[in-house]
$ cat structure.pdb   # PDB, C-alpha atoms
ATOM      1  CA  MET A  14      -7.057 -94.188 101.600  1.00  0.00           C
ATOM      2  CA  TYR A  15      -7.371 -97.952 102.059  1.00  0.00           C
ATOM      3  CA  LYS A  16     -10.324 -97.981  99.654  1.00  0.00           C
ATOM      4  CA  ASN A  17      -8.256 -96.059  97.069  1.00  0.00           C
ATOM      5  CA  MET A  18      -5.350 -98.532  97.449  1.00  0.00           C
ATOM      6  CA  ASP A  19      -7.723-101.516  97.221  1.00  0.00           C
ATOM      7  CA  LYS A  20      -9.280-100.063  94.047  1.00  0.00           C
ATOM      8  CA  GLN A  21      -5.839 -99.521  92.438  1.00  0.00           C
ATOM      9  CA  TYR A  22      -4.746-103.064  93.392  1.00  0.00           C
ATOM     10  CA  ASN A  23      -7.906-104.459  91.765  1.00  0.00           C
ATOM     11  CA  ASP A  24      -7.092-102.396  88.648  1.00  0.00           C
ATOM     12  CA  LEU A  25      -3.591-103.919  88.659  1.00  0.00           C
ATOM     13  CA  GLY A  26      -5.177-107.367  88.874  1.00  0.00           C
ATOM     14  CA  ASP A  27      -7.260-106.598  85.799  1.00  0.00           C
ATOM     15  CA  TYR A  28      -4.210-105.236  83.959  1.00  0.00           C
ATOM     16  CA  PHE A  29      -1.867-108.166  84.819  1.00  0.00           C
ATOM     17  CA  VAL A  30      -4.679-110.713  84.676  1.00  0.00           C
ATOM     18  CA  PHE A  31      -4.599-112.202  88.149  1.00  0.00           C
ATOM     19  CA  ASN A  32      -7.180-112.544  90.896  1.00  0.00           C
ATOM     20  CA  PRO A  33      -6.456-109.870  93.536  1.00  0.00           C
ATOM     21  CA  ARG A  34      -8.444-111.867  96.191  1.00  0.00           C
ATOM     22  CA  LYS A  35      -6.235-114.982  95.848  1.00  0.00           C
ATOM     23  CA  ILE A  36      -2.817-113.242  95.597  1.00  0.00           C
ATOM     24  CA  SER A  37      -1.728-110.876  98.370  1.00  0.00           C
ATOM     25  CA  VAL A  38      -0.131-107.493  97.718  1.00  0.00           C
ATOM     26  CA  GLU A  39       3.211-108.655  99.196  1.00  0.00           C
ATOM     27  CA  GLU A  40       3.245-111.776  97.032  1.00  0.00           C
ATOM     28  CA  PHE A  41       2.410-109.833  93.871  1.00  0.00           C
ATOM     29  CA  PHE A  42       5.111-107.184  94.423  1.00  0.00           C
ATOM     30  CA  GLY A  43       7.636-109.880  95.436  1.00  0.00           C
ATOM     31  CA  ASP A  44       6.991-111.692  92.135  1.00  0.00           C
ATOM     32  CA  LEU A  45       7.257-108.376  90.271  1.00  0.00           C
ATOM     33  CA  ASN A  46      10.615-107.662  91.992  1.00  0.00           C
ATOM     34  CA  THR A  47      11.903-111.165  91.138  1.00  0.00           C
ATOM     35  CA  PHE A  48      10.898-110.667  87.494  1.00  0.00           C
ATOM     36  CA  LYS A  49      12.677-107.279  87.386  1.00  0.00           C
ATOM     37  CA  ASN A  50      15.907-108.741  88.843  1.00  0.00           C
ATOM     38  CA  MET A  51      15.895-111.718  86.453  1.00  0.00           C
ATOM     39  CA  PHE A  52      15.217-109.412  83.501  1.00  0.00           C
ATOM     40  CA  GLN A  53      18.148-107.148  84.419  1.00  0.00           C
ATOM     41  CA  GLN A  54      20.408-110.201  84.758  1.00  0.00           C
ATOM     42  CA  ALA A  55      19.318-111.463  81.325  1.00  0.00           C
ATOM     43  CA  VAL A  56      20.048-108.037  79.783  1.00  0.00           C
ATOM     44  CA  LYS A  57      23.567-108.072  81.293  1.00  0.00           C
ATOM     45  CA  GLU A  58      24.215-111.608  80.017  1.00  0.00           C
ATOM     46  CA  ASN A  59      23.042-110.646  76.531  1.00  0.00           C
ATOM     47  CA  GLN A  60      25.347-107.612  76.594  1.00  0.00           C
ATOM     48  CA  LYS A  61      28.343-109.777  77.592  1.00  0.00           C
ATOM     49  CA  ARG A  62      27.511-112.315  74.886  1.00  0.00           C
ATOM     50  CA  ARG A  63      27.307-109.579  72.240  1.00  0.00           C
ATOM     51  CA  GLU A  64      30.652-108.122  73.357  1.00  0.00           C
ATOM     52  CA  ALA A  65      32.269-111.575  73.214  1.00  0.00           C
ATOM     53  CA  GLU A  66      30.886-112.122  69.691  1.00  0.00           C
ATOM     54  CA  GLU A  67      32.179-108.713  68.560  1.00  0.00           C
ATOM     55  CA  LYS A  68      35.588-109.451  70.063  1.00  0.00           C
ATOM     56  CA  MET A  69      35.747-112.780  68.240  1.00  0.00           C
ATOM     57  CA  LYS A  70      34.693-111.087  65.000  1.00  0.00           C
ATOM     58  CA  ARG A  71      37.424-108.418  65.362  1.00  0.00           C
ATOM     59  CA  ALA A  72      40.019-111.099  66.110  1.00  0.00           C
ATOM     60  CA  LYS A  73      38.923-113.055  63.039  1.00  0.00           C
ATOM     61  CA  LEU A  74      39.137-109.938  60.835  1.00  0.00           C
ATOM     62  CA  ALA A  75      42.577-109.087  62.220  1.00  0.00           C
ATOM     63  CA  ARG A  76      43.770-112.657  61.594  1.00  0.00           C
ATOM     64  CA  GLU A  77      42.431-112.562  58.018  1.00  0.00           C
ATOM     65  CA  LYS A  78      44.072-109.184  57.432  1.00  0.00           C
ATOM     66  CA  ALA A  79      47.409-110.491  58.741  1.00  0.00           C
ATOM     67  CA  GLU A  80      47.157-113.541  56.470  1.00  0.00           C
ATOM     68  CA  LYS A  81      46.348-111.328  53.492  1.00  0.00           C
ATOM     69  CA  GLU A  82      49.334-109.068  54.221  1.00  0.00           C
ATOM     70  CA  LYS A  83      51.547-112.122  54.607  1.00  0.00           C
ATOM     71  CA  GLU A  84      50.370-113.438  51.223  1.00  0.00           C
ATOM     72  CA  GLU A  85      51.045-110.041  49.611  1.00  0.00           C
ATOM     73  CA  LYS A  86      54.519-109.981  51.139  1.00  0.00           C
ATOM     74  CA  LEU A  87      55.222-113.472  49.816  1.00  0.00           C
ATOM     75  CA  LYS A  88      53.950-112.374  46.410  1.00  0.00           C
ATOM     76  CA  LYS A  89      56.347-109.391  46.465  1.00  0.00           C
ATOM     77  CA  ASN A  90      59.207-111.662  47.460  1.00  0.00           C
ATOM     78  CA  GLN A  91      58.339-114.005  44.611  1.00  0.00           C
ATOM     79  CA  LEU A  92      58.401-111.075  42.187  1.00  0.00           C
ATOM     80  CA  LEU A  93      61.816-110.108  43.514  1.00  0.00           C
ATOM     81  CA  ASP A  94      62.977-113.717  43.135  1.00  0.00           C
ATOM     82  CA  ILE A  95      61.766-113.732  39.534  1.00  0.00           C
ATOM     83  CA  ASN A  96      63.860-110.638  38.934  1.00  0.00           C
ATOM     84  CA  ALA A  97      66.876-112.182  40.679  1.00  0.00           C
ATOM     85  CA  GLU A  98      66.918-115.063  38.241  1.00  0.00           C
ATOM     86  CA  SER A  99      68.353-114.342  34.836  1.00  0.00           C
ATOM     87  CA  ASP A 100      64.867-114.882  33.394  1.00  0.00           C
ATOM     88  CA  GLU A 101      63.731-111.609  31.901  1.00  0.00           C
ATOM     89  CA  THR A 102      59.996-112.233  32.101  1.00  0.00           C
ATOM     90  CA  GLY A 103      58.214-110.173  34.719  1.00  0.00           C
ATOM     91  CA  ILE A 104      60.910-107.522  35.059  1.00  0.00           C
ATOM     92  CA  MET A 105      58.674-104.696  33.933  1.00  0.00           C
ATOM     93  CA  ASP A 106      55.810-105.961  36.099  1.00  0.00           C
ATOM     94  CA  GLY A 107      58.097-106.062  39.120  1.00  0.00           C
ATOM     95  CA  LEU A 108      59.430-102.597  38.427  1.00  0.00           C
ATOM     96  CA  LEU A 109      55.958-101.140  37.939  1.00  0.00           C
ATOM     97  CA  GLU A 110      54.714-102.736  41.145  1.00  0.00           C
ATOM     98  CA  ALA A 111      57.750-101.458  43.055  1.00  0.00           C
ATOM     99  CA  LEU A 112      57.056 -97.956  41.751  1.00  0.00           C
ATOM    100  CA  GLN A 113      53.356 -98.151  42.602  1.00  0.00           C
ATOM    101  CA  THR A 114      53.897 -99.429  46.134  1.00  0.00           C
ATOM    102  CA  GLY A 115      56.791 -97.066  46.777  1.00  0.00           C
ATOM    103  CA  ALA A 116      59.205 -99.911  47.541  1.00  0.00           C
ATOM    104  CA  ALA A 117      61.611 -98.556  44.939  1.00  0.00           C
ATOM    105  CA  PHE A 118      62.012 -95.332  46.919  1.00  0.00           C
ATOM    106  CA  ARG A 119      62.660 -96.871  50.332  1.00  0.00           C
ATOM    107  CA  ARG A 120      66.208 -97.384  51.456  1.00  0.00           C
ATOM    108  CA  LYS A 121      66.890 -99.547  54.428  1.00  0.00           C
ATOM    109  CA  ARG A 122      69.689 -98.177  56.540  1.00  0.00           C
ATOM    110  CA  GLY A 123      71.064-100.037  59.509  1.00  0.00           C
ATOM    111  CA  PRO A 124      72.020 -98.374  62.792  1.00  0.00           C
ATOM    112  CA  ARG A 125      75.736 -98.509  61.958  1.00  0.00           C
ATOM    113  CA  GLN A 126      75.290 -96.782  58.622  1.00  0.00           C
ATOM    114  CA  ALA A 127      73.181 -94.053  60.183  1.00  0.00           C
ATOM    115  CA  ALA A 128      75.824 -93.486  62.887  1.00  0.00           C
ATOM    116  CA  ASN A 129      78.591 -93.339  60.261  1.00  0.00           C
ATOM    117  CA  HIS A 130      76.677 -90.714  58.290  1.00  0.00           C
ATOM    118  CA  ARG A 131      76.123 -88.626  61.409  1.00  0.00           C
ATOM    119  CA  ARG A 132      79.782 -88.946  62.375  1.00  0.00           C
ATOM    120  CA  ALA A 133      80.915 -87.956  58.864  1.00  0.00           C
ATOM    121  CA  GLY A 134      78.647 -84.903  58.914  1.00  0.00           C
ATOM    122  CA  HIS A 135      80.026 -83.914  62.298  1.00  0.00           C
ATOM    123  CA  ALA A 136      83.607 -84.328  61.057  1.00  0.00           C
ATOM    124  CA  VAL A 137      82.931 -82.189  57.987  1.00  0.00           C
ATOM    125  CA  THR A 138      81.423 -79.460  60.126  1.00  0.00           C
ATOM    126  CA  ASN A 139      84.414 -79.500  62.476  1.00  0.00           C
ATOM    127  CA  ILE A 140      86.889 -79.354  59.582  1.00  0.00           C
ATOM    128  CA  LEU A 141      85.077 -76.403  58.056  1.00  0.00           C
ATOM    129  CA  ALA A 142      85.148 -74.647  61.414  1.00  0.00           C
ATOM    130  CA  LYS A 143      88.846 -75.464  61.788  1.00  0.00           C
ATOM    131  CA  GLU A 144      89.574 -74.050  58.308  1.00  0.00           C
ATOM    132  CA  LEU A 145      87.753 -70.841  59.139  1.00  0.00           C
ATOM    133  CA  MET A 146      89.710 -70.505  62.379  1.00  0.00           C
ATOM    134  CA  GLN A 147      93.054 -71.186  60.692  1.00  0.00           C
ATOM    135  CA  GLU A 148      92.672 -69.102  57.535  1.00  0.00           C
ATOM    136  CA  ASP A 149      95.829 -67.174  58.387  1.00  0.00           C
ATOM    137  CA  THR A 150      98.108 -70.242  58.724  1.00  0.00           C
ATOM    138  CA  PRO A 151     100.885 -70.671  56.114  1.00  0.00           C
ATOM    139  CA  PRO A 152     100.542 -73.381  53.454  1.00  0.00           C
ATOM    140  CA  ALA A 153     103.589 -75.216  54.862  1.00  0.00           C
ATOM    141  CA  SER A 154     101.510 -76.520  57.780  1.00  0.00           C
ATOM    142  CA  LYS A 155      99.013 -77.968  55.322  1.00  0.00           C
ATOM    143  CA  LEU A 156     101.835 -79.721  53.525  1.00  0.00           C
ATOM    144  CA  SER A 157     103.062 -81.333  56.751  1.00  0.00           C
ATOM    145  CA  ASN A 158      99.512 -82.519  57.428  1.00  0.00           C
ATOM    146  CA  LYS A 159      99.485 -84.222  54.027  1.00  0.00           C
ATOM    147  CA  LYS A 160     102.720 -86.041  54.861  1.00  0.00           C
ATOM    148  CA  LEU A 161     101.227 -87.239  58.138  1.00  0.00           C
ATOM    149  CA  LYS A 162      98.220 -88.544  56.234  1.00  0.00           C
ATOM    150  CA  THR A 163     100.272 -90.543  53.753  1.00  0.00           C
ATOM    151  CA  GLU A 164     102.225 -92.189  56.564  1.00  0.00           C
ATOM    152  CA  HIS A 165      99.064 -93.326  58.379  1.00  0.00           C
ATOM    153  CA  LYS A 166      96.614 -94.737  55.798  1.00  0.00           C
ATOM    154  CA  GLU A 167      93.716 -95.241  58.206  1.00  0.00           C
ATOM    155  CA  GLU A 168      90.221 -93.921  58.383  1.00  0.00           C
ATOM    156  CA  PRO A 169      90.225 -90.150  57.942  1.00  0.00           C
ATOM    157  CA  THR A 170      89.899 -88.462  61.308  1.00  0.00           C
ATOM    158  CA  LEU A 171      89.288 -84.936  62.391  1.00  0.00           C
ATOM    159  CA  GLU A 172      92.714 -84.520  63.999  1.00  0.00           C
ATOM    160  CA  GLY A 173      94.736 -85.591  60.936  1.00  0.00           C
ATOM    161  CA  ALA A 174      92.721 -83.700  58.326  1.00  0.00           C
ATOM    162  CA  GLY A 175      93.781 -80.164  57.651  1.00  0.00           C
ATOM    163  CA  SER A 176      90.992 -79.335  55.240  1.00  0.00           C
ATOM    164  CA  LEU A 177      87.820 -80.690  53.766  1.00  0.00           C
ATOM    165  CA  GLU A 178      89.594 -81.478  50.512  1.00  0.00           C
ATOM    166  CA  GLU A 179      92.142 -83.642  52.309  1.00  0.00           C
ATOM    167  CA  LEU A 180      89.404 -85.528  54.127  1.00  0.00           C
ATOM    168  CA  LEU A 181      87.542 -86.170  50.898  1.00  0.00           C
ATOM    169  CA  GLU A 182      90.709 -87.239  49.036  1.00  0.00           C
ATOM    170  CA  ASP A 183      91.880 -89.628  51.721  1.00  0.00           C
ATOM    171  CA  GLY A 184      88.472 -91.011  52.666  1.00  0.00           C
ATOM    172  CA  PRO A 185      87.199 -94.295  51.220  1.00  0.00           C
ATOM    173  CA  THR A 186      84.676 -93.919  48.474  1.00  0.00           C
ATOM    174  CA  ARG A 187      81.191 -95.117  49.327  1.00  0.00           C
ATOM    175  CA  SER A 188      78.549 -96.176  46.876  1.00  0.00           C
ATOM    176  CA  HIS A 189      74.928 -95.690  47.882  1.00  0.00           C
TER     177      HIS A 189
END
$ encode --input "structure.pdb" --output "structure tokens"
Amino acid sequence: MYKNMDKQYNDLGDYFVFNPRKISVEEFFGDLNTFKNMFQQAVKENQKRREAEEKMKRAKLAREKAEKEKEEKLKKNQLLDINAESDETGIMDGLLEALQTGAAFRRKRGPRQAANHRRAGHAVTNILAKELMQEDTPPASKLSNKKLKTEHKEEPTLEGAGSLEELLEDGPTRSH
């Protein structure tokens, strides 16, 4: 067994080009272990460097994209400003661009407007339900409701409105 090991160690010496009589087995395998550890460390460092480079590249692309979007937004605003002036050049270009981008179809609605629309829909539904429940009431009660409405010219409310028609007549007109 020792002869077999000695023969294989001599073959390793020939393969790695070192003199097996001058370098001990422990020294050779210690150097081999050191090389392996340093190689693994270098691979990890290279991996971290590559990841850092990729991260920087993504950040640069994101920054460029944000700048490009900002420029496009400024360009849109400039087109809108051109249209705001009484200068009639660029009107068709602005309209075509608004149609192509879909900006002409977007309506911005604030939280108050959305709440008012929900409230109005709820009021209409309640009035319709009230009308269905009170179909058998005499028209005189509707007349008294109209008198109450003319005395208090406020926002139309559910309590004061006898019917949907009254609510729509008394309510302020809204332009969209």
$ atom_distance --input "structure.pdb" --atom1 "atom CA of Lys78 of chain A" --atom2 "atom CA of Thr114 of chain A"
17.9 Å
$ atom_distance --input "structure.pdb" --atom1 "atom CA of Phe29 of chain A" --atom2 "atom CA of Gln60 of chain A"
28.4 Å
$ atom_distance --input "structure.pdb" --atom1 "atom CA of Lys83 of chain A" --atom2 "atom CA of Phe118 of chain A"
21.2 Å
